[in-house]
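Listing of protein.cif, mmCIF, C-alpha atoms
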data_upload
loop_
_atom_site.label_atom_id
_atom_site.label_comp_id
_atom_site.auth_asym_id
_atom_site.auth_seq_id
_atom_site.Cartn_x
_atom_site.Cartn_y
_atom_site.Cartn_z
CA MET A 1 189.90 143.17 222.98
CA PRO A 2 192.45 146.01 223.13
CA LEU A 3 192.40 148.42 220.23
CA PRO A 4 195.24 148.35 217.67
CA VAL A 5 198.29 150.56 217.89
CA ILE A 6 197.97 153.83 215.95
CA LEU A 7 200.98 154.89 213.91
CA LEU A 8 201.01 158.56 212.97
CA PRO A 9 203.92 159.69 210.76
CA VAL A 10 204.65 163.32 211.55
CA GLY A 11 204.60 165.75 208.60
CA VAL A 12 205.93 169.23 207.99
CA ASP A 13 202.53 170.98 208.21
CA ASP A 14 202.21 171.95 211.88
CA ALA A 15 198.63 173.28 211.50
CA ALA A 16 197.49 170.01 209.92
CA LEU A 17 199.26 168.05 212.66
CA ASP A 18 197.56 170.12 215.35
CA ALA A 19 194.12 169.45 213.81
CA CYS A 20 194.93 165.74 213.40
CA LEU A 21 195.96 165.37 217.04
CA ALA A 22 192.84 167.21 218.22
CA ALA A 23 190.57 164.91 216.18
CA LEU A 24 192.52 161.87 217.38
CA GLU A 25 192.10 162.93 221.01
CA ALA A 26 188.38 163.64 220.63
CA ASN A 27 187.47 160.46 218.75
CA THR A 28 189.75 157.76 220.19
CA PRO A 29 189.26 156.02 223.57
CA ALA A 30 191.58 157.08 226.39
CA GLY A 31 194.55 154.78 226.85
CA THR A 32 194.77 153.75 223.20
CA PRO A 33 198.45 153.37 222.20
CA VAL A 34 199.62 156.00 219.68
CA TRP A 35 203.08 156.27 218.18
CA LEU A 36 204.05 159.63 216.69
CA ALA A 37 206.91 158.75 214.36
CA ASP A 38 208.93 161.73 213.12
CA ASP A 39 211.26 161.15 210.19
CA GLY A 40 213.01 164.42 210.94
CA GLN A 41 210.08 166.35 209.46
CA ALA A 42 208.65 168.54 212.24
CA GLY A 43 209.97 172.10 212.53
CA PRO A 44 210.05 174.21 215.69
CA ARG A 45 206.28 174.90 215.59
CA GLY A 46 205.49 171.27 214.93
CA LEU A 47 207.67 170.20 217.85
CA ALA A 48 205.85 172.69 220.09
CA VAL A 49 202.49 171.23 218.97
CA ILE A 50 203.69 167.70 219.76
CA GLU A 51 205.13 168.69 223.15
CA HIS A 52 201.92 170.49 224.13
CA TRP A 53 199.76 167.52 223.07
CA LEU A 54 201.93 164.89 224.76
CA ALA A 55 201.68 166.76 228.06
CA ARG A 56 197.87 166.68 228.00
CA THR A 57 196.70 163.66 226.01
CA ALA A 58 194.65 160.88 227.58
CA LEU A 59 196.02 158.47 224.98
CA GLN A 60 199.03 156.25 225.63
CA ALA A 61 201.33 158.24 223.39
CA GLU A 62 204.98 157.90 222.44
CA TYR A 63 207.07 160.15 220.21
CA THR A 64 210.25 159.27 218.34
CA ARG A 65 212.31 161.39 215.98
CA ARG A 66 215.04 160.35 213.58
CA PRO A 67 218.03 162.68 213.35
CA ARG A 68 218.03 162.37 209.54
CA PRO A 69 215.13 161.51 207.22
CA ILE A 70 215.19 158.14 205.47
CA GLY A 71 211.97 158.55 203.47
CA GLU A 72 208.32 157.56 203.99
CA PRO A 73 208.40 153.85 203.07
CA ALA A 74 211.64 153.08 204.93
CA HIS A 75 210.53 154.97 208.03
CA LEU A 76 207.10 153.32 208.09
CA GLN A 77 208.63 149.89 207.54
CA GLU A 78 210.84 150.47 210.58
CA MET A 79 207.78 151.30 212.66
CA LEU A 80 205.70 148.41 211.31
CA ARG A 81 208.54 145.95 211.90
CA ALA A 82 208.83 147.16 215.49
CA CYS A 83 205.12 146.34 215.96
CA GLY A 84 205.74 142.69 215.05
CA ASP A 85 202.59 140.79 214.13
CA ALA A 86 200.27 143.33 215.77
CA ASP A 87 197.50 144.94 213.75
CA VAL A 88 198.43 148.59 213.15
CA ALA A 89 196.34 151.57 212.10
CA VAL A 90 198.31 154.09 210.04
CA LEU A 91 196.97 157.64 209.84
CA ALA A 92 198.02 160.32 207.36
CA PRO A 93 199.62 163.32 209.12
CA ASP A 94 196.70 165.52 207.98
CA ALA A 95 193.95 162.98 208.71
CA LEU A 96 190.88 163.89 210.76
CA PRO A 97 189.55 160.61 212.16
CA GLY A 98 185.83 160.58 212.93
CA VAL A 99 183.81 159.29 215.86
CA GLY A 100 184.56 155.65 216.72
CA TRP A 101 186.88 155.25 213.74
CA LEU A 102 189.37 152.84 215.34
CA GLN A 103 186.80 150.56 216.98
CA GLN A 104 184.92 150.34 213.69
CA LEU A 105 188.07 149.45 211.74
CA SER A 106 189.02 146.87 214.36
CA ASP A 107 185.54 145.32 214.27
CA CYS A 108 185.79 145.16 210.48
CA LEU A 109 188.94 143.02 210.64
CA ALA A 110 187.43 140.86 213.37
CA ARG A 111 184.35 140.04 211.28
CA ASP A 112 186.31 138.40 208.46
CA ALA A 113 189.70 136.68 208.77
CA SER A 114 190.30 137.14 205.02
CA ILE A 115 190.52 140.94 205.37
CA ALA A 116 194.08 142.27 205.23
CA THR A 117 193.29 145.99 205.24
CA ALA A 118 190.26 148.05 206.24
CA THR A 119 189.97 151.59 204.91
CA PRO A 120 187.30 154.08 206.05
CA TRP A 121 185.33 156.51 203.93
CA SER A 122 186.91 159.93 203.41
CA ASN A 123 186.17 163.21 201.72
CA ALA A 124 189.52 162.75 199.95
CA GLY A 125 189.82 159.01 199.51
CA GLU A 126 189.85 158.40 195.74
CA THR A 127 187.92 155.12 195.41
CA VAL A 128 186.26 155.64 198.81
CA ALA A 129 185.71 159.38 198.50
CA TRP A 130 182.34 160.63 199.72
CA PRO A 131 179.94 162.01 198.64
CA ARG A 132 181.52 161.94 195.14
CA ALA A 133 184.08 159.38 194.06
CA ALA A 134 187.53 160.41 192.84
CA GLU A 135 187.03 164.01 193.98
CA LEU A 136 188.46 166.20 196.72
CA ASN A 137 185.15 166.78 198.51
CA ALA A 138 184.65 169.34 201.24
CA LEU A 139 184.94 168.05 204.79
CA PRO A 140 181.53 167.19 206.33
CA ASP A 141 180.06 170.14 208.20
CA ASP A 142 178.45 168.06 210.95
CA GLY A 143 180.41 165.21 212.48
CA ALA A 144 177.55 164.13 214.76
CA ARG A 145 175.17 163.77 211.82
CA LEU A 146 177.75 161.77 209.90
CA ALA A 147 178.29 159.47 212.89
CA LEU A 148 174.53 158.75 213.02
CA ALA A 149 174.47 158.04 209.30
CA LEU A 150 177.49 155.73 209.46
CA ALA A 151 175.99 153.80 212.38
CA ALA A 152 172.99 152.94 210.18
CA MET A 153 175.04 151.73 207.20
CA PRO A 154 174.85 148.05 206.19
CA LEU A 155 178.16 146.30 206.76
CA LEU A 156 178.92 144.97 203.28
CA GLN A 157 182.72 145.35 203.46
CA PRO A 158 183.11 145.70 199.68
CA GLU A 159 186.50 144.92 198.20
CA LEU A 160 188.71 147.79 197.00
CA PRO A 161 191.51 147.81 194.43
CA SER A 162 193.88 148.67 197.30
CA ALA A 163 194.03 150.30 200.71
CA ILE A 164 194.26 154.10 200.79
CA THR A 165 196.54 156.32 202.82
CA HIS A 166 194.15 158.66 204.69
CA ALA A 167 193.66 155.90 207.28
CA VAL A 168 194.14 152.14 207.07
CA LEU A 169 194.13 149.28 209.55
CA ILE A 170 196.55 146.54 208.44
CA ARG A 171 196.38 142.96 209.72
CA GLY A 172 199.81 142.15 211.13
CA SER A 173 199.89 138.50 210.06
CA ALA A 174 198.99 139.39 206.47
CA ARG A 175 201.61 142.14 206.39
CA ARG A 176 204.29 139.73 207.63
CA ARG A 177 203.35 137.03 205.10
CA ALA A 178 203.55 139.56 202.28
CA GLY A 179 206.99 140.74 203.38
CA GLY A 180 206.16 144.27 204.53
CA LEU A 181 206.77 147.42 202.55
CA ASP A 182 209.09 147.54 199.55
CA THR A 183 211.43 150.30 200.69
CA ASP A 184 213.74 150.04 197.68
CA SER A 185 211.30 150.53 194.81
CA TYR A 186 209.03 153.35 196.01
CA GLY A 187 209.51 156.85 197.32
CA SER A 188 206.03 157.30 198.81
CA TRP A 189 203.76 155.61 201.33
CA TYR A 190 201.01 155.98 198.72
CA ALA A 191 202.69 153.63 196.22
CA ALA A 192 204.21 151.34 198.84
CA LEU A 193 200.75 150.76 200.34
CA VAL A 194 199.27 149.95 196.91
CA ASP A 195 202.09 147.46 196.30
CA LEU A 196 201.63 145.86 199.74
CA SER A 197 197.86 145.66 199.19
CA LEU A 198 198.33 143.88 195.87
CA ARG A 199 200.82 141.40 197.31
CA MET A 200 198.45 140.58 200.18
CA SER A 201 195.60 140.23 197.69
CA GLY A 202 197.71 137.81 195.66
CA LEU A 203 198.10 135.69 198.79
CA GLY A 204 194.33 135.44 199.19
CA TRP A 205 193.52 138.36 201.51
CA ARG A 206 191.14 141.21 200.77
CA ASN A 207 191.41 145.00 200.95
CA VAL A 208 188.01 146.37 201.93
CA LEU A 209 186.00 149.46 202.75
CA CYS A 210 184.94 149.77 206.38
CA ASP A 211 181.34 150.89 205.72
CA ASN A 212 180.73 152.61 209.06
CA ALA A 213 183.98 154.54 209.61
CA PHE A 214 185.18 157.91 208.31
CA ALA A 215 188.45 159.83 208.35
CA GLY A 216 188.62 163.22 206.70
CA ARG A 217 191.65 164.70 205.02
CA LYS A 218 192.66 168.06 203.58
CA HIS A 219 194.53 166.61 200.60
CA GLU A 220 194.71 163.31 198.74
CA GLY A 221 197.79 161.15 199.01
CA GLN A 222 200.29 161.47 196.19
CA PRO A 223 202.91 159.15 194.67
CA ALA A 224 206.54 160.22 194.43
CA ASP A 225 208.17 160.79 191.05
CA GLY A 226 208.52 157.49 189.22
CA ASP A 227 206.30 155.52 191.61
CA MET A 228 203.44 155.03 189.17
CA GLU A 229 205.79 153.73 186.50
CA VAL A 230 207.18 151.17 188.94
CA LEU A 231 203.66 150.10 189.90
CA ALA A 232 202.65 149.80 186.24
CA ASN A 233 205.69 147.66 185.43
CA ARG A 234 205.30 145.39 188.43
CA TRP A 235 201.51 145.17 188.27
CA PRO A 236 200.52 145.57 184.58
CA ALA A 237 196.79 145.20 185.29
CA TRP A 238 196.76 147.72 188.15
CA THR A 239 196.21 150.95 186.22
CA ALA A 240 193.37 149.50 184.15
CA ARG A 241 191.76 147.99 187.25
CA LEU A 242 191.86 151.29 189.13
CA ALA A 243 190.52 153.22 186.13
CA ALA A 244 187.67 150.74 185.67
CA PHE A 245 186.78 150.96 189.36
CA LEU A 246 186.64 154.74 189.25
CA MET A 247 184.64 154.85 185.99
CA ASN A 248 182.16 152.10 186.87
CA ASP A 249 181.96 153.12 190.54
CA PRO A 250 180.71 149.85 192.09
CA LEU A 251 180.26 151.75 195.38
CA TYR A 252 177.78 154.20 193.83
CA LEU A 253 174.65 152.83 195.52
CA HIS A 254 176.50 152.38 198.81
CA ARG A 255 177.71 155.97 198.60
CA GLN A 256 174.20 157.21 197.80
CA GLN A 257 172.82 155.33 200.80
CA LEU A 258 175.28 157.09 203.09
CA GLN A 259 174.30 160.42 201.54
CA GLN A 260 170.61 159.68 202.16
CA LEU A 261 171.23 158.62 205.75
CA TYR A 262 173.27 161.76 206.31
CA ALA A 263 170.41 163.92 205.04
CA GLN A 264 167.89 162.09 207.22
CA ALA A 265 170.07 162.30 210.31
CA ILE A 266 169.01 165.93 210.86
CA MET A 267 165.41 164.89 211.51
CA PRO A 268 165.73 163.73 215.16
CA ALA A 269 167.57 166.92 216.04
CA ALA A 270 164.90 169.04 214.35
CA GLN A 271 161.94 167.46 216.16
CA PRO A 272 162.58 169.02 219.60
CA ASP A 273 162.51 172.44 217.97
CA LEU A 274 159.04 171.70 216.62
CA PHE A 275 157.81 170.66 220.05
CA ASP A 276 159.39 173.70 221.68
CA ALA A 277 157.47 175.89 219.28
CA CYS A 278 154.13 174.41 220.45
CA ASP A 279 152.38 176.19 223.28
CA THR A 280 151.63 173.01 225.26
CA PRO A 281 149.76 173.67 228.56
CA GLN A 282 151.78 172.73 231.64
CA GLY A 283 151.02 169.21 232.84
CA THR A 284 149.47 168.18 229.49
CA GLU A 285 151.07 165.20 227.78
CA LEU A 286 151.33 164.90 224.01
CA GLN A 287 149.31 161.95 222.78
#
Would you encode the structure as structure tokens?
Amino acid sequence: MPLPVILLPVGVDDAALDACLAALEANTPAGTPVWLADDGQAGPRGLAVIEHWLARTALQAEYTRRPRPIGEPAHLQEMLRACGDADVAVLAPDALPGVGWLQQLSDCLARDASIATATPWSNAGETVAWPRAAELNALPDDGARLALALAAMPLLQPELPSAITHAVLIRGSARRRAGGLDTDSYGSWYAALVDLSLRMSGLGWRNVLCDNAFAGRKHEGQPADGDMEVLANRWPAWTARLAAFLMNDPLYLHRQQLQQLYAQAIMPAAQPDLFDACDTPQGTELQ
């Protein structure tokens, strides 16, 4: 099965964009379709980063730029609508997707037709933050170790209060049934994604954690002014549900398991050093 389209809204931080594109290139299969969608945000340095990357990428990349900004939700809704019923992965402009991230998200949706959104772990993912929930954790210092740990995680696909903006794969049919993003009520992708998640949940779909995928981020997503009040008025139980999830932390044991696997993942790499230190006679095999 072909991998989903990646939608990457371009931000104003050219250094973050450069790092995001480098991680995307390193950890995404060649030929994967990627749409860089610029709502008139990139400055001269950002445009130079994009031009340099487009000339060299092995991904199937396209870049579009609006002459005037229309805002995050409206711009993303335009892009999502253009993708029709296709499943689409949306990355934050400062995201750092990890090894195999898109295949793992795609497999997560394929395992359960009731899943509307799959969100990977992140160092800055609020409910799915790792190693500590609801904190801006440091980025992992060893991506290879983390990939080994994630590969050993049980695939529980626990339900989340909503999808989160560092990286999310959205099922196209669920998005269409729910009506897409509300571009009139919200000023941020953060709040519009929560609202979309809750509408899809109300129609019987689930928003879940993809247990074996990770996408780092330098900062957490933020709502625009007034967004949280709109969410609270439209979804009166939302704030209490999110607070209860963060306080009770139903992912605690799952998070601890990933931490343990991450710590143990250094052992195979350390063993060759031990053998190298032994003065084994040439031609003698270790029993």
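Note on the selection: in this file the PyMOL selection byres ((chain A and resi 83-94) around 6) comes out as Pro4, Val5, Ile6, Leu7, Leu8, Pro9, Val10, Gly11, Ala16, Leu17, Cys20, Leu80, Arg81, Ala82, Ala95, His166, Ala167, Val168, Leu169, Ile170, Arg171, Gly172, Ser173 and Arg217 of chain A.
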Near-Gly187 in chain A list (7 Å; all atoms listed in the file; drop same-chain fewer than 3 positions) as a PyMOL selection string: chain A and resi 71-73+224+227
Which residue is closest to Leu246 in chain A? Choose from A:Val34, A:Leu24, A:Val128, A:Leu3 and count all atoms listed in the file.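 Checking each of A:Val34, A:Leu24, A:Val128, A:Leu3 against Leu246 in chain A, counting all atoms listed in the file, the winner is A:Val128.
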Need to verify the contact set: Ala30 in chain A, 12 Å, all atoms listed in the file, exclusion of same-chain residues closer than 2 positions in sequence. Can you return it as an NGL selection string? :A and (2-3 or 24-28 or 32-34 or 56-61)
Using CA of Arg145 in chain A and CA of Ala118 in chain A as the two end points, give the distance in Å to one decimal. 22.5 Å
Using the chain letters and numbering of this document, enumerate as a VMD selection string the residues selected by the PyMOL selection byres ((chain A and resi 259) around 10). chain A and resid 130 to 132 146 149 to 150 253 to 258 260 to 265
Take the residues just selected and output them with C-alpha atoms as a PDB file, in the coordinates of the input.
ATOM      1  CA  TRP A 130     182.340 160.630 199.720  1.00  0.00           C
ATOM      2  CA  PRO A 131     179.940 162.010 198.640  1.00  0.00           C
ATOM      3  CA  ARG A 132     181.520 161.940 195.140  1.00  0.00           C
ATOM      4  CA  LEU A 146     177.750 161.770 209.900  1.00  0.00           C
ATOM      5  CA  ALA A 149     174.470 158.040 209.300  1.00  0.00           C
ATOM      6  CA  LEU A 150     177.490 155.730 209.460  1.00  0.00           C
ATOM      7  CA  LEU A 253     174.650 152.830 195.520  1.00  0.00           C
ATOM      8  CA  HIS A 254     176.500 152.380 198.810  1.00  0.00           C
ATOM      9  CA  ARG A 255     177.710 155.970 198.600  1.00  0.00           C
ATOM     10  CA  GLN A 256     174.200 157.210 197.800  1.00  0.00           C
ATOM     11  CA  GLN A 257     172.820 155.330 200.800  1.00  0.00           C
ATOM     12  CA  LEU A 258     175.280 157.090 203.090  1.00  0.00           C
ATOM     13  CA  GLN A 260     170.610 159.680 202.160  1.00  0.00           C
ATOM     14  CA  LEU A 261     171.230 158.620 205.750  1.00  0.00           C
ATOM     15  CA  TYR A 262     173.270 161.760 206.310  1.00  0.00           C
ATOM     16  CA  ALA A 263     170.410 163.920 205.040  1.00  0.00           C
ATOM     17  CA  GLN A 264     167.890 162.090 207.220  1.00  0.00           C
ATOM     18  CA  ALA A 265     170.070 162.300 210.310  1.00  0.00           C
TER      19      ALA A 265
END
